[in-house]
Amino acid sequence: MAKCEVCGKSVQFGHNVSHSNRKTKKMWHPNIKKLRVVENKRVLRKNVCTNCIKSGKITKAG
């Protein structure tokens, strides 16, 4: 679900670090949007991260 179909960006793992330096597991999700995209003269629905939308790696349909 949380994976960009253009660049492959997905969840990242790390730690929350408290003031007392305790570490608990944490996940960061990419900002994924479901868009209608023009690809090979066809309109498809794709899950795309906002970085790919902003950088112009895809062309929006409509």
# chains A, B, ... in the order shown; residues from 1 in each chain; ligands from 1
call {"tool": "select_by_dssp", "arguments": {"residues": "chain A", "states": "alpha helix (DSSP H)", "output": "count of residues only"}}
result
6
call {"tool": "residues_around", "arguments": {"residues": "Cys52 (chain A)", "least_positions_apart": "3", "cutoff": "10 Å", "atoms": "only C-alpha atoms", "output": "list in words"}}
result
Cys4, Glu5, Val6, Cys7, Lys9, Ile32, Val48, Cys49, Ser55, Gly56, Lys57, Ile58 and Thr59 of chain A
call {"tool": "write_last_selection", "arguments": {"atoms": "C-alpha atoms", "output": "CSV table (one decimal), in the first residue's frame"}}
result
chain,number,residue,atom,x,y,z
A,4,CYS,CA,5.4,4.6,-4.8
A,5,GLU,CA,5.0,2.9,-8.1
A,6,VAL,CA,7.4,5.3,-9.8
A,7,CYS,CA,10.4,5.6,-7.6
A,9,LYS,CA,9.8,4.7,-2.0
A,32,ILE,CA,1.5,8.5,-1.2
A,48,VAL,CA,2.6,8.0,-6.5
A,49,CYS,CA,4.6,9.9,-3.8
A,55,SER,CA,9.4,16.8,-9.7
A,56,GLY,CA,7.4,16.1,-12.9
A,57,LYS,CA,8.3,12.4,-13.2
A,58,ILE,CA,4.7,11.7,-14.1
A,59,THR,CA,2.0,13.5,-16.2
call {"tool": "select_by_dssp", "arguments": {"residues": "chain A", "states": "strand (DSSP E or B)", "output": "ChimeraX atom specification"}}
result
/A:12-17,23-28,32-39,42-49,60
call {"tool": "write_last_selection", "arguments": {"atoms": "C-alpha atoms", "output": "CSV table (one decimal), in the first residue's frame"}}
result
chain,number,residue,atom,x,y,z
A,12,GLN,CA,11.4,3.6,6.6
A,13,PHE,CA,12.3,2.2,10.1
A,14,GLY,CA,14.1,3.8,13.0
A,15,HIS,CA,13.7,4.7,16.6
A,16,ASN,CA,11.9,7.3,18.7
A,17,VAL,CA,14.5,8.5,21.2
A,23,LYS,CA,14.6,3.9,22.1
A,24,THR,CA,11.2,2.6,20.8
A,25,LYS,CA,10.5,1.4,17.3
A,26,LYS,CA,9.1,3.8,14.8
A,27,MET,CA,7.9,3.8,11.1
A,28,TRP,CA,7.8,6.7,8.7
A,32,ILE,CA,1.5,8.5,-1.2
A,33,LYS,CA,-1.4,9.8,-3.4
A,34,LYS,CA,-3.6,7.8,-5.8
A,35,LEU,CA,-3.6,9.6,-9.1
A,36,ARG,CA,-4.8,9.2,-12.7
A,37,VAL,CA,-1.6,9.1,-14.7
A,38,VAL,CA,-0.9,9.2,-18.5
A,39,GLU,CA,1.5,6.4,-19.4
A,42,ARG,CA,-3.2,5.3,-21.6
A,43,VAL,CA,-4.8,6.6,-18.4
A,44,LEU,CA,-3.9,4.5,-15.4
A,45,ARG,CA,-4.5,4.8,-11.7
A,46,LYS,CA,-1.2,4.7,-9.8
A,47,ASN,CA,0.1,5.2,-6.2
A,48,VAL,CA,2.6,8.0,-6.5
A,49,CYS,CA,4.6,9.9,-3.8
A,60,LYS,CA,-1.4,13.9,-14.6
call {"tool": "atom_distance", "arguments": {"atom1": "CA of Lys3 (chain A)", "atom2": "CA of Arg22 (chain A)"}}
result
29.5 Å
